[in-house]
>>> print(open('model-v5.txt').read())   # compact mmCIF, C-alpha atoms (C1' of nucleotides)
# COMPACT_ATOMS: atom_id res chain seq x y z
CA MET A 1 12.74 0.84 -2.48
CA ALA A 2 9.60 2.03 -4.02
CA LEU A 3 8.74 5.50 -2.89
CA ARG A 4 12.18 6.59 -4.02
CA HIS A 5 11.37 6.05 -7.67
CA ALA A 6 8.06 7.80 -7.41
CA VAL A 7 9.87 10.78 -5.92
CA LEU A 8 12.49 10.76 -8.65
CA ALA A 9 9.81 10.56 -11.33
CA ALA A 10 7.88 13.43 -9.76
CA LEU A 11 11.00 15.58 -9.58
CA LEU A 12 11.48 15.33 -13.33
CA ASP A 13 8.84 18.04 -13.53
CA GLY A 14 11.48 20.46 -12.37
CA GLU A 15 12.94 21.65 -9.12
CA LEU A 16 10.61 21.17 -6.18
CA SER A 17 10.79 21.68 -2.46
CA GLY A 18 9.62 18.94 -0.13
CA TYR A 19 6.53 20.98 0.48
CA HIS A 20 5.69 21.34 -3.19
CA LEU A 21 6.51 17.73 -3.80
CA ALA A 22 3.86 16.91 -1.22
CA LYS A 23 1.41 19.05 -3.17
CA ALA A 24 2.27 17.19 -6.35
CA PHE A 25 1.69 13.92 -4.54
CA ASP A 26 -1.74 15.16 -3.58
CA VAL A 27 -2.77 15.71 -7.17
CA GLY A 28 -1.15 14.08 -10.17
CA VAL A 29 1.16 11.63 -8.46
CA ALA A 30 -1.64 10.34 -6.21
CA ASN A 31 -2.92 8.54 -9.30
CA PHE A 32 -0.18 6.00 -8.94
CA TRP A 33 1.50 6.61 -5.62
CA TYR A 34 0.13 7.79 -2.33
CA ALA A 35 2.46 9.19 0.31
CA GLN A 36 2.44 11.43 3.36
CA PRO A 37 4.53 14.62 3.43
CA GLN A 38 6.69 13.25 6.25
CA GLN A 39 7.62 10.30 4.11
CA LEU A 40 8.64 12.60 1.30
CA TYR A 41 10.93 14.71 3.46
CA ALA A 42 12.55 11.55 4.78
CA GLU A 43 12.92 10.14 1.31
CA LEU A 44 14.44 13.34 -0.04
CA THR A 45 17.04 13.23 2.73
CA ARG A 46 17.95 9.66 1.85
CA LEU A 47 18.05 10.40 -1.87
CA GLU A 48 20.32 13.35 -1.28
CA GLN A 49 22.70 11.29 0.86
CA GLN A 50 22.92 8.78 -1.96
CA GLY A 51 23.51 11.51 -4.51
CA LEU A 52 20.38 10.75 -6.53
CA VAL A 53 18.98 14.21 -5.99
CA ALA A 54 20.69 17.48 -5.18
CA GLY A 55 19.20 20.33 -3.23
CA ARG A 56 19.91 24.01 -3.00
CA GLU A 57 18.83 26.43 -0.32
CA VAL A 58 16.57 29.25 -1.42
CA VAL A 59 16.31 32.19 0.93
CA GLN A 60 12.89 33.79 0.96
CA GLU A 61 11.79 36.97 2.60
CA SER A 62 8.12 36.76 3.21
CA ARG A 63 8.09 33.08 4.08
CA PRO A 64 10.39 30.38 5.47
CA ASN A 65 13.42 29.38 3.45
CA LYS A 66 13.17 26.24 1.42
CA ARG A 67 15.30 23.68 -0.30
CA LEU A 68 14.72 22.95 -3.97
CA PHE A 69 15.66 19.52 -5.23
CA HIS A 70 16.46 18.20 -8.66
CA VAL A 71 17.38 14.79 -10.00
CA THR A 72 21.09 14.20 -10.62
CA ASP A 73 22.64 12.10 -13.36
CA ALA A 74 22.97 9.28 -10.86
CA GLY A 75 19.29 9.69 -10.12
CA LEU A 76 18.45 9.42 -13.80
CA ALA A 77 20.56 6.27 -14.03
CA GLU A 78 18.68 4.84 -11.07
CA LEU A 79 15.35 5.59 -12.76
CA GLU A 80 16.63 4.00 -15.91
CA ALA A 81 17.58 0.82 -14.04
CA PHE A 82 14.23 0.80 -12.27
CA THR A 83 12.40 1.08 -15.58
CA ALA A 84 14.36 -1.79 -17.04
CA ALA A 85 13.52 -4.08 -14.11
CA SER A 86 10.23 -5.93 -14.21
CA ALA A 87 7.27 -4.12 -12.69
CA LYS A 88 5.35 -5.47 -9.76
CA PRO A 89 1.63 -5.87 -10.26
CA ALA A 90 -0.36 -2.79 -9.38
CA PHE A 91 -2.36 -2.91 -6.25
CA VAL A 92 -5.30 -1.05 -4.93
CA ARG A 93 -6.19 -0.79 -1.30
CA ASP A 94 -9.60 0.52 -0.58
CA ASP A 95 -11.46 0.49 2.72
CA LEU A 96 -14.69 1.35 1.00
CA MET A 97 -14.57 -1.73 -1.20
CA VAL A 98 -13.92 -3.89 1.85
CA LYS A 99 -17.14 -2.49 3.26
CA VAL A 100 -19.03 -3.20 0.06
CA GLN A 101 -17.68 -6.75 0.09
CA ALA A 102 -19.31 -7.09 3.51
CA ALA A 103 -22.46 -5.23 2.43
CA ASP A 104 -24.70 -8.22 2.96
CA SER A 105 -23.78 -8.50 6.62
CA VAL A 106 -23.60 -4.90 7.78
CA ASP A 107 -25.82 -1.85 7.98
CA THR A 108 -25.93 -0.23 4.56
CA ALA A 109 -27.14 3.25 5.58
CA THR A 110 -23.69 4.65 6.39
CA LEU A 111 -22.26 2.71 3.49
CA ILE A 112 -24.56 4.53 1.12
CA ASP A 113 -23.46 7.84 2.62
CA GLN A 114 -19.83 6.97 2.17
CA LEU A 115 -20.31 5.84 -1.40
CA THR A 116 -22.12 9.06 -2.21
CA GLU A 117 -19.34 11.07 -0.64
CA ARG A 118 -16.75 9.10 -2.58
CA ALA A 119 -18.58 9.71 -5.83
CA GLU A 120 -18.49 13.42 -5.09
CA ILE A 121 -14.77 13.30 -4.36
CA ALA A 122 -14.22 11.44 -7.61
CA ARG A 123 -16.19 14.09 -9.48
CA ALA A 124 -14.03 16.83 -8.02
CA ARG A 125 -10.86 14.96 -8.90
CA ILE A 126 -12.00 14.47 -12.48
CA GLU A 127 -12.37 18.22 -12.80
CA LEU A 128 -9.01 18.82 -11.20
CA PHE A 129 -7.28 16.36 -13.52
CA GLU A 130 -8.99 17.68 -16.60
CA ALA A 131 -7.82 21.16 -15.73
CA LEU A 132 -4.31 19.77 -15.27
CA LEU A 133 -4.49 18.06 -18.66
CA ARG A 134 -5.52 21.31 -20.32
CA ARG A 135 -2.66 23.10 -18.62
CA LEU A 136 -0.15 20.47 -19.68
CA ARG A 137 -1.12 20.41 -23.32
CA GLY A 138 -1.52 24.17 -23.61
CA ASP A 139 -3.32 25.25 -26.74
CA ARG A 140 -2.63 22.06 -28.63
CA GLY A 141 -5.08 19.26 -29.23
CA GLU A 142 -4.48 16.04 -27.36
CA GLU A 143 -3.33 14.04 -30.37
CA ASP A 144 -0.94 16.74 -31.44
CA PHE A 145 0.46 17.13 -27.95
CA LEU A 146 0.97 13.41 -27.47
CA ARG A 147 2.78 13.20 -30.79
CA HIS A 148 5.04 16.19 -30.51
CA GLY A 149 4.91 17.47 -26.92
CA ASP A 150 7.97 17.55 -24.71
CA ARG A 151 6.84 15.96 -21.49
CA ILE A 152 4.06 13.51 -22.02
CA GLY A 153 4.76 11.28 -18.99
CA PRO A 154 2.66 13.28 -16.55
CA TYR A 155 -0.01 13.69 -19.19
CA LEU A 156 -0.32 9.96 -19.74
CA THR A 157 -0.54 9.16 -16.04
CA CYS A 158 -3.09 11.91 -15.60
CA LEU A 159 -5.21 10.41 -18.38
CA ARG A 160 -5.21 7.23 -16.39
CA GLY A 161 -6.22 9.15 -13.30
CA VAL A 162 -9.22 10.63 -15.08
CA ALA A 163 -10.33 7.24 -16.35
CA PHE A 164 -9.87 5.72 -12.92
CA GLU A 165 -11.92 8.37 -11.19
CA GLN A 166 -14.67 8.26 -13.77
CA GLU A 167 -14.99 4.55 -13.28
CA ASN A 168 -14.82 5.08 -9.53
CA ARG A 169 -17.63 7.61 -9.59
CA ASP A 170 -19.84 5.49 -11.84
CA TRP A 171 -19.33 2.41 -9.75
CA CYS A 172 -20.12 4.25 -6.52
CA LEU A 173 -23.34 5.63 -7.94
CA ARG A 174 -24.36 2.30 -9.37
CA THR A 175 -23.66 0.60 -6.05
CA VAL A 176 -25.66 3.23 -4.17
CA ALA A 177 -28.60 2.63 -6.51
CA VAL A 178 -28.42 -1.13 -5.96
CA LEU A 179 -28.16 -0.86 -2.18
CA GLU A 180 -30.97 1.64 -1.99
CA GLU A 181 -33.31 -0.42 -4.03
CA ARG A 182 -32.63 -3.40 -1.80
CA ARG A 183 -33.32 -1.34 1.31
CA HIS A 184 -36.74 -0.42 -0.04
CA THR A 185 -37.50 -3.95 -1.12
CA ARG A 186 -36.62 -5.27 2.31
CA ALA A 187 -38.56 -2.54 4.06
CA ARG A 188 -41.65 -3.75 2.27
CA ASN A 189 -41.23 -7.31 3.57
CA MET B 1 -5.58 -2.42 11.51
CA ALA B 2 -6.44 -2.68 7.92
CA LEU B 3 -5.79 -6.14 6.61
CA ARG B 4 -7.95 -7.53 9.43
CA HIS B 5 -11.14 -6.13 7.96
CA ALA B 6 -10.34 -7.34 4.49
CA VAL B 7 -9.84 -10.82 5.92
CA LEU B 8 -13.11 -10.67 7.84
CA ALA B 9 -14.97 -9.50 4.74
CA ALA B 10 -13.44 -12.27 2.65
CA LEU B 11 -14.39 -14.90 5.23
CA LEU B 12 -18.04 -13.97 4.91
CA ASP B 13 -18.01 -16.11 1.78
CA GLY B 14 -17.95 -19.12 4.07
CA GLU B 15 -15.38 -21.16 5.93
CA LEU B 16 -11.95 -20.91 4.43
CA SER B 17 -8.51 -22.20 5.30
CA GLY B 18 -5.55 -19.85 5.27
CA TYR B 19 -4.52 -21.44 2.04
CA HIS B 20 -7.85 -20.88 0.34
CA LEU B 21 -8.05 -17.42 1.76
CA ALA B 22 -4.79 -16.72 -0.01
CA LYS B 23 -6.35 -17.99 -3.25
CA ALA B 24 -9.31 -15.69 -2.73
CA PHE B 25 -6.92 -12.81 -2.19
CA ASP B 26 -5.34 -13.65 -5.52
CA VAL B 27 -8.59 -13.27 -7.42
CA GLY B 28 -11.63 -11.36 -6.19
CA VAL B 29 -10.21 -9.74 -3.10
CA ALA B 30 -7.18 -8.50 -5.03
CA ASN B 31 -9.52 -5.93 -6.54
CA PHE B 32 -9.44 -3.99 -3.32
CA TRP B 33 -6.79 -5.53 -1.12
CA TYR B 34 -3.47 -7.08 -1.96
CA ALA B 35 -1.75 -9.34 0.55
CA GLN B 36 0.83 -12.10 0.78
CA PRO B 37 -0.15 -15.55 2.10
CA GLN B 38 2.17 -15.19 5.08
CA GLN B 39 0.39 -12.04 6.10
CA LEU B 40 -2.91 -13.85 5.96
CA TYR B 41 -1.77 -16.69 8.17
CA ALA B 42 -0.42 -14.20 10.68
CA GLU B 43 -3.61 -12.17 10.57
CA LEU B 44 -5.79 -15.23 11.05
CA THR B 45 -3.79 -16.11 14.15
CA ARG B 46 -4.30 -12.63 15.55
CA LEU B 47 -8.00 -12.60 14.69
CA GLU B 48 -8.47 -15.96 16.38
CA GLN B 49 -6.69 -14.78 19.54
CA GLN B 50 -9.05 -11.83 19.65
CA GLY B 51 -12.08 -14.03 19.10
CA LEU B 52 -13.08 -12.38 15.83
CA VAL B 53 -12.76 -15.60 13.89
CA ALA B 54 -12.93 -19.21 15.03
CA GLY B 55 -11.16 -22.12 13.42
CA ARG B 56 -11.70 -25.83 13.40
CA GLU B 57 -9.27 -28.53 12.46
CA VAL B 58 -10.22 -30.64 9.49
CA VAL B 59 -8.39 -33.92 9.13
CA GLN B 60 -7.75 -34.89 5.53
CA GLU B 61 -6.37 -38.08 4.16
CA SER B 62 -4.90 -37.42 0.78
CA ARG B 63 -3.46 -34.04 1.73
CA PRO B 64 -2.25 -32.14 4.80
CA ASN B 65 -4.79 -31.27 7.47
CA LYS B 66 -6.15 -27.79 7.46
CA ARG B 67 -7.93 -25.30 9.66
CA LEU B 68 -11.14 -23.76 8.45
CA PHE B 69 -12.04 -20.33 9.79
CA HIS B 70 -15.31 -18.50 10.08
CA VAL B 71 -16.27 -15.06 11.37
CA THR B 72 -17.71 -14.99 14.91
CA ASP B 73 -20.39 -12.64 16.22
CA ALA B 74 -17.64 -10.50 17.68
CA GLY B 75 -16.07 -10.45 14.23
CA LEU B 76 -19.32 -9.29 12.68
CA ALA B 77 -19.57 -6.55 15.30
CA GLU B 78 -16.04 -5.47 14.44
CA LEU B 79 -16.93 -5.31 10.75
CA GLU B 80 -20.02 -3.33 11.60
CA ALA B 81 -17.96 -0.81 13.58
CA PHE B 82 -15.44 -0.60 10.78
CA THR B 83 -18.16 0.10 8.24
CA ALA B 84 -19.61 2.86 10.41
CA ALA B 85 -16.23 4.59 10.69
CA SER B 86 -15.21 6.93 7.89
CA ALA B 87 -13.30 5.35 5.04
CA LYS B 88 -9.81 6.37 4.10
CA PRO B 89 -9.29 7.43 0.52
CA ALA B 90 -8.45 4.59 -1.82
CA PHE B 91 -4.94 4.37 -3.02
CA VAL B 92 -3.23 2.79 -5.94
CA ARG B 93 0.42 1.94 -6.05
CA ASP B 94 1.76 1.09 -9.40
CA ASP B 95 5.38 0.75 -10.45
CA LEU B 96 4.42 0.79 -14.08
CA MET B 97 2.79 4.19 -13.82
CA VAL B 98 5.88 5.56 -12.09
CA LYS B 99 7.80 4.43 -15.14
CA VAL B 100 5.34 6.08 -17.50
CA GLN B 101 5.60 9.28 -15.48
CA ALA B 102 9.32 9.18 -16.23
CA ALA B 103 8.79 8.11 -19.84
CA ASP B 104 10.36 11.26 -21.26
CA SER B 105 13.65 10.61 -19.52
CA VAL B 106 14.13 6.87 -19.84
CA ASP B 107 14.39 4.24 -22.53
CA THR B 108 10.90 3.39 -23.73
CA ALA B 109 11.60 0.01 -25.35
CA THR B 110 11.28 -2.06 -22.18
CA LEU B 111 8.48 0.17 -21.04
CA ILE B 112 6.50 -0.73 -24.14
CA ASP B 113 7.12 -4.41 -23.43
CA GLN B 114 5.92 -4.05 -19.88
CA LEU B 115 2.81 -2.15 -20.88
CA THR B 116 1.99 -4.80 -23.45
CA GLU B 117 2.45 -7.51 -20.88
CA ARG B 118 0.28 -5.64 -18.41
CA ALA B 119 -2.46 -5.27 -20.99
CA GLU B 120 -2.38 -9.01 -21.50
CA ILE B 121 -2.61 -9.63 -17.75
CA ALA B 122 -5.55 -7.26 -17.57
CA ARG B 123 -7.26 -9.11 -20.39
CA ALA B 124 -6.86 -12.41 -18.58
CA ARG B 125 -8.20 -10.94 -15.35
CA ILE B 126 -11.24 -9.54 -17.13
CA GLU B 127 -12.06 -13.04 -18.33
CA LEU B 128 -11.47 -14.47 -14.88
CA PHE B 129 -13.72 -11.91 -13.24
CA GLU B 130 -16.43 -12.29 -15.80
CA ALA B 131 -16.47 -16.02 -15.20
CA LEU B 132 -16.67 -15.32 -11.48
CA LEU B 133 -19.59 -12.95 -12.03
CA ARG B 134 -21.44 -15.57 -14.04
CA ARG B 135 -20.83 -18.12 -11.31
CA LEU B 136 -22.04 -15.77 -8.59
CA ARG B 137 -25.28 -14.81 -10.28
CA GLY B 138 -26.06 -18.32 -11.51
CA ASP B 139 -28.75 -18.43 -14.14
CA ARG B 140 -30.23 -15.06 -13.23
CA GLY B 141 -29.73 -11.86 -15.14
CA GLU B 142 -27.56 -9.23 -13.50
CA GLU B 143 -30.42 -6.87 -12.64
CA ASP B 144 -32.48 -9.64 -11.15
CA PHE B 145 -29.56 -10.96 -9.13
CA LEU B 146 -28.63 -7.54 -7.76
CA ARG B 147 -32.22 -6.95 -6.70
CA HIS B 148 -33.00 -10.26 -5.11
CA GLY B 149 -29.76 -12.21 -4.72
CA ASP B 150 -28.39 -13.21 -1.33
CA ARG B 151 -24.78 -12.18 -1.41
CA ILE B 152 -24.21 -9.26 -3.65
CA GLY B 153 -21.13 -7.83 -1.88
CA PRO B 154 -18.59 -9.93 -3.77
CA TYR B 155 -20.51 -9.35 -6.97
CA LEU B 156 -20.37 -5.59 -6.62
CA THR B 157 -16.65 -5.54 -5.86
CA CYS B 158 -16.04 -7.87 -8.76
CA LEU B 159 -17.91 -5.51 -11.08
CA ARG B 160 -15.50 -2.85 -10.01
CA GLY B 161 -12.61 -5.20 -10.69
CA VAL B 162 -13.80 -5.75 -14.25
CA ALA B 163 -14.19 -2.04 -14.88
CA PHE B 164 -10.77 -1.34 -13.39
CA GLU B 165 -9.04 -3.94 -15.51
CA GLN B 166 -10.79 -2.85 -18.68
CA GLU B 167 -9.66 0.66 -18.12
CA ASN B 168 -6.22 -0.62 -17.26
CA ARG B 169 -5.97 -2.61 -20.48
CA ASP B 170 -7.22 0.24 -22.62
CA TRP B 171 -4.85 2.72 -21.07
CA CYS B 172 -1.87 0.39 -21.49
CA LEU B 173 -2.64 -0.14 -25.17
CA ARG B 174 -3.21 3.55 -25.76
CA THR B 175 0.06 4.39 -24.02
CA VAL B 176 1.93 1.80 -26.05
CA ALA B 177 0.54 3.32 -29.24
CA VAL B 178 1.63 6.81 -28.19
CA LEU B 179 5.12 5.72 -27.17
CA GLU B 180 5.60 3.73 -30.33
CA GLU B 181 4.58 6.51 -32.58
CA ARG B 182 7.02 8.82 -30.85
CA ARG B 183 9.82 6.32 -31.26
CA HIS B 184 9.23 6.25 -34.98
CA THR B 185 8.96 10.01 -35.21
CA ARG B 186 12.25 10.43 -33.38
CA ALA B 187 13.96 7.75 -35.42
CA ARG B 188 13.23 9.79 -38.51
CA ASN B 189 14.96 12.88 -37.10
C1' DT C 1 -4.92 41.06 19.59
C1' DG C 2 -5.28 36.65 18.64
C1' DT C 3 -6.90 33.04 15.56
C1' DG C 4 -6.69 30.39 11.67
C1' DA C 5 -4.64 29.23 7.24
C1' DG C 6 -0.70 28.72 4.37
C1' DT C 7 4.35 27.83 3.86
C1' DA C 8 8.30 24.88 5.20
C1' DG C 9 10.18 21.29 7.61
C1' DT C 10 11.73 17.71 11.54
C1' DC C 11 11.71 13.78 14.85
C1' DA C 12 10.63 9.60 17.26
C1' DG C 13 8.20 5.61 17.55
C1' DA C 14 4.52 2.37 16.35
C1' DA C 15 2.22 -0.31 13.05
C1' DA C 16 2.00 -2.73 8.91
C1' DA C 17 3.86 -5.12 5.17
C1' DA C 18 7.31 -7.63 2.63
C1' DT C 19 10.93 -11.17 2.32
C1' DG C 20 13.30 -15.37 2.57
C1' DA C 21 13.86 -19.64 4.47
C1' DC C 22 11.64 -23.43 6.32
C1' DT C 23 8.61 -28.17 7.07
C1' DA C 24 5.41 -31.63 5.42
C1' DT C 25 2.44 -34.68 2.36
C1' DC C 26 0.45 -36.34 -1.96
C1' DA C 27 -0.13 -36.75 -6.89
C1' DT C 28 1.53 -36.55 -11.52
C1' DG C 29 4.54 -37.00 -15.28
C1' DG C 30 8.57 -38.49 -17.32
C1' DC D 1 13.06 -42.96 -9.14
C1' DC D 2 13.24 -38.13 -9.30
C1' DA D 3 11.41 -33.68 -10.12
C1' DT D 4 7.61 -30.62 -10.10
C1' DG D 5 3.50 -28.61 -8.52
C1' DA D 6 -0.36 -28.34 -5.51
C1' DT D 7 -1.85 -28.42 -0.74
C1' DA D 8 -1.14 -26.46 3.97
C1' DG D 9 1.28 -23.86 6.92
C1' DT D 10 5.21 -21.49 10.13
C1' DC D 11 8.98 -18.42 11.69
C1' DA D 12 12.14 -14.63 12.03
C1' DT D 13 13.78 -10.44 10.40
C1' DT D 14 13.98 -6.44 7.79
C1' DT D 15 11.94 -2.80 5.29
C1' DT D 16 8.57 0.31 4.61
C1' DT D 17 4.98 3.04 5.87
C1' DC D 18 2.12 5.58 8.96
C1' DT D 19 1.11 8.56 12.94
C1' DG D 20 1.31 12.14 16.11
C1' DA D 21 3.59 15.70 17.95
C1' DC D 22 6.63 19.29 17.20
C1' DT D 23 8.97 24.19 15.56
C1' DA D 24 8.67 28.69 13.05
C1' DC D 25 7.36 32.38 10.24
C1' DT D 26 3.85 35.36 7.67
C1' DC D 27 -0.55 37.07 6.26
C1' DA D 28 -5.33 38.15 6.48
C1' DC D 29 -9.38 38.74 9.00
C1' DA D 30 -12.30 39.93 12.70
>>> encode(input="model-v5.txt", output="C-alpha cells")
Amino acid sequence: MALRHAVLAALLDGELSGYHLAKAFDVGVANFWYAQPQQLYAELTRLEQQGLVAGREVVQESRPNKRLFHVTDAGLAELEAFTAASAKPAFVRDDLMVKVQAADSVDTATLIDQLTERAEIARARIELFEALLRRLRGDRGEEDFLRHGDRIGPYLTCLRGVAFEQENRDWCLRTVAVLEERRHTRARN
Amino acid sequence: MALRHAVLAALLDGELSGYHLAKAFDVGVANFWYAQPQQLYAELTRLEQQGLVAGREVVQESRPNKRLFHVTDAGLAELEAFTAASAKPAFVRDDLMVKVQAADSVDTATLIDQLTERAEIARARIELFEALLRRLRGDRGEEDFLRHGDRIGPYLTCLRGVAFEQENRDWCLRTVAVLEERRHTRARN
DNA sequence: TGTGAGTAGTCAGAAAAATGACTATCATGG
DNA sequence: CCATGATAGTCATTTTTCTGACTACTCACA
C-alpha cells in the first residue's frame, strides 16, 4: 500500500496513460518513488477495480489505442487519508554506496569509474529537472510562482530532486578525488 | 540479492552480532540501505550457509548469549565481484514527498506538521552523523584522515549521510514556509 | 525489405521485503 | 513486586516488488 499513493499523486497532473505514467515515473516522480512500468500497469488495474481511478479508452489512428486515467473523488479521499496518516521514514537504497562502504577492502578502479559515471548521470538529471522547473513556473519567478501558482506540489518535489542530485554529484566527485589520491599514495609505497 | 552485500559491507567494520548489526543499520548504514532486524537475522543465516560469513558463539553472563559474525574470504570475493558489476541507479522512497506532490489537492495542516517533524529528525541525524565522523577520524583533520586513514569507507558514506540530511532539513523547512504562506494568503480570500 | 526505435500494454512467476507474534534474560526504577 | 527497556534472537506468513518474456502497431532509415 505504497505505490498506490505515488500513482494517485502522479495522476493529479492530469489524465495519463500507463505508458505516460511510466515516463513521469522516470523523471519527476523518480525523485521520491521508483517503479517499473509493469508495476504501474498492475497498480492502475487495482486502483480502477477499487474505484480510486477511472479510465477511458482513447482510439488512436497512427498508434495503438490507449487508456487515460484520472483520479476519482474516492481516490482523492484516499490520498487525503494517506496524507493525514503518519509518514514512514524515507529510505535510500544505493548499490554504489554499499560499494563505497567496502572501499577499503575491494579494488577501487571500477569503483572510481562507477562514481564518475554516476556523477555524469546526476549532472544530466540536474539539467532535466531544471528544465522541468522552468516549464512548471512558466514566465514567473520562483518566489512568485510558489506564492500564487496553481500546482506547486510537483515543483516542490522537483526542487528536492535538484538538490539531491547536486549533492549526489558533488559527493561522487569528492569521493573519486579521495580514492584516486589514495591510489597514487599507495602506488608510491 | 541486494541486502546481502549491504550486510557484508557493514560487517567489514569488525565482528558484529545480528543485534548490533541491526543497530548499525539504524545509524550509518541507513544512509544507503534500510532494513528491519528480522531481515538481517535471516540474511546472516543465509550468508553463513553459503560460507560468506562465519559466526562464533559468545557466552555472556549478564545477558543472553550472542553470535558474532565476520566476513570470510569467500565473502570478500563476493563483495569484490559485486563491486565490479555495474551498479543499479539509487532510489529513494519517501511517503512524505508523495504527500507534497499531492499538496495542492489535500489538507496541508498535517503535512506542515509532518514536514516540521521530519526537519527535526534530520537535525538530530546530522548531529549523530557528525559525532560518528569525529569518532571515526579521531584526532586527525578530515583531509589528513581521508588521505592516510585505514578505513575510510564508512567515513565517506557518512559524509554523504550528513549532506543528505542537511538538504532534507533545508527542503522541509523551505516547504513548510511556502505552504504556510499560501495558507495565510488563501485565508485572506 | 527488414531493422530498430517509439508507443501501448499484459502475464506469470520468482525474489525480496515487511509484518506480527513469539521466547528468553537481566537491569533499573518506582 | 511489577513494569519497562535493553539485549539477543526466531518463525511463519503476507505483501510488495522485480524480472523476463510476451503481443502489436507504426514510422523512419538504410
>>> atom_distance(input="model-v5.txt", atom1="CA of Glu80 in chain B", atom2="CA of Thr45 in chain B")
20.8 Å
>>> atom_distance(input="model-v5.txt", atom1="CA of Leu11 in chain A", atom2="CA of Leu146 in chain A")
20.6 Å
>>> interface_residues(input="model-v5.txt", of="chain B", to="chain C", cutoff="7 Å", atoms="all atoms listed in the file", output="MDAnalysis selection string")
chainID B and resid 62:64
>>> closest_atom_pairs(input="model-v5.txt", of="chain B", to="chain D", cutoff="9 Å", atoms="all atoms listed in the file", output="tab-separated table")
residue	atom	partner	partner_atom	distance
B:Ser17	CA	D:DA8	C1'	8.6
B:Gly18	CA	D:DA8	C1'	8.1
B:Tyr19	CA	D:DA8	C1'	6.4
B:Gln38	CA	D:DT10	C1'	8.6
B:Tyr41	CA	D:DG9	C1'	7.9
B:Arg63	CA	D:DT7	C1'	6.3
B:Pro64	CA	D:DA8	C1'	5.8
B:Asn65	CA	D:DA8	C1'	7.0
B:Lys66	CA	D:DA8	C1'	6.2
B:Arg67	CA	D:DA8	C1'	8.9
>>> closest_residue(input="model-v5.txt", among="B:Arg125, B:Arg46, B:Lys88, B:Arg4", to="chain A", atoms="all atoms listed in the file")
B:Lys88
>>> closest_residue(input="model-v5.txt", among="A:His5, A:His20, A:Arg135, A:Arg123", to="chain B", atoms="all atoms listed in the file")
A:His5
>>> atom_distance(input="model-v5.txt", atom1="CA of Arg140 in chain A", atom2="CA of Phe25 in chain A")
25.8 Å
>>> closest_residue(input="model-v5.txt", among="B:Leu173, B:Val29, B:Ala42, B:Ile121", to="Met97 in chain A", atoms="only C-alpha atoms")
B:Val29
>>> closest_residue(input="model-v5.txt", among="A:Val7, A:Ile126, A:Ile112, A:Ala102", to="chain B", atoms="all atoms listed in the file")
A:Ala102
>>> residues_around(input="model-v5.txt", residues="range 48-54 of chain B", least_positions_apart="5", cutoff="9 Å", atoms="only C-alpha atoms (C1' of nucleotides)", output="list in words")
Leu8, Leu11, Glu43, Leu68, Phe69, His70, Val71, Thr72, Asp73, Ala74, Gly75, Leu76, Ala77 and Glu78 of chain B
>>> closest_residue(input="model-v5.txt", among="B:Arg93, B:Arg183, B:Arg169, B:Arg134", to="chain A", atoms="only C-alpha atoms")
B:Arg93
>>> closest_residue(input="model-v5.txt", among="A:Leu16, A:Val106, A:Cys158, A:Leu47", to="chain B", atoms="only C-alpha atoms")
A:Val106
>>> residues_around(input="model-v5.txt", residues="Glu165 in chain A", least_positions_apart="6", cutoff="12 Å", atoms="only C-alpha atoms (C1' of nucleotides)", output="list of chain:residue names")
A:Ala30, A:Asn31, A:Arg118, A:Ala119, A:Glu120, A:Ile121, A:Ala122, A:Arg123, A:Ala124, A:Arg125, A:Ile126, A:Glu127, A:Leu128, A:Phe129, A:Glu130, A:Cys158, A:Leu159, A:Trp171, A:Cys172, B:Ala90, B:Phe91, B:Val92, B:Arg160, B:Ala163, B:Phe164, B:Glu167
>>> residues_around(input="model-v5.txt", residues="Ala84 in chain A", least_positions_apart="3", cutoff="9 Å", atoms="all atoms listed in the file", output="PDB file with C-alpha atoms, in the coordinates of the input")
ATOM      1  CA  LEU A  79      15.350   5.590 -12.760  1.00  0.00           C
ATOM      2  CA  GLU A  80      16.630   4.000 -15.910  1.00  0.00           C
ATOM      3  CA  ALA A  81      17.580   0.820 -14.040  1.00  0.00           C
ATOM      4  CA  ALA A  87       7.270  -4.120 -12.690  1.00  0.00           C
TER       5      ALA A  87
ATOM      6  CA  ASP B 107      14.390   4.240 -22.530  1.00  0.00           C
ATOM      7  CA  ALA B 109      11.600   0.010 -25.350  1.00  0.00           C
ATOM      8  CA  THR B 110      11.280  -2.060 -22.180  1.00  0.00           C
ATOM      9  CA  LEU B 111       8.480   0.170 -21.040  1.00  0.00           C
TER      10      LEU B 111
END
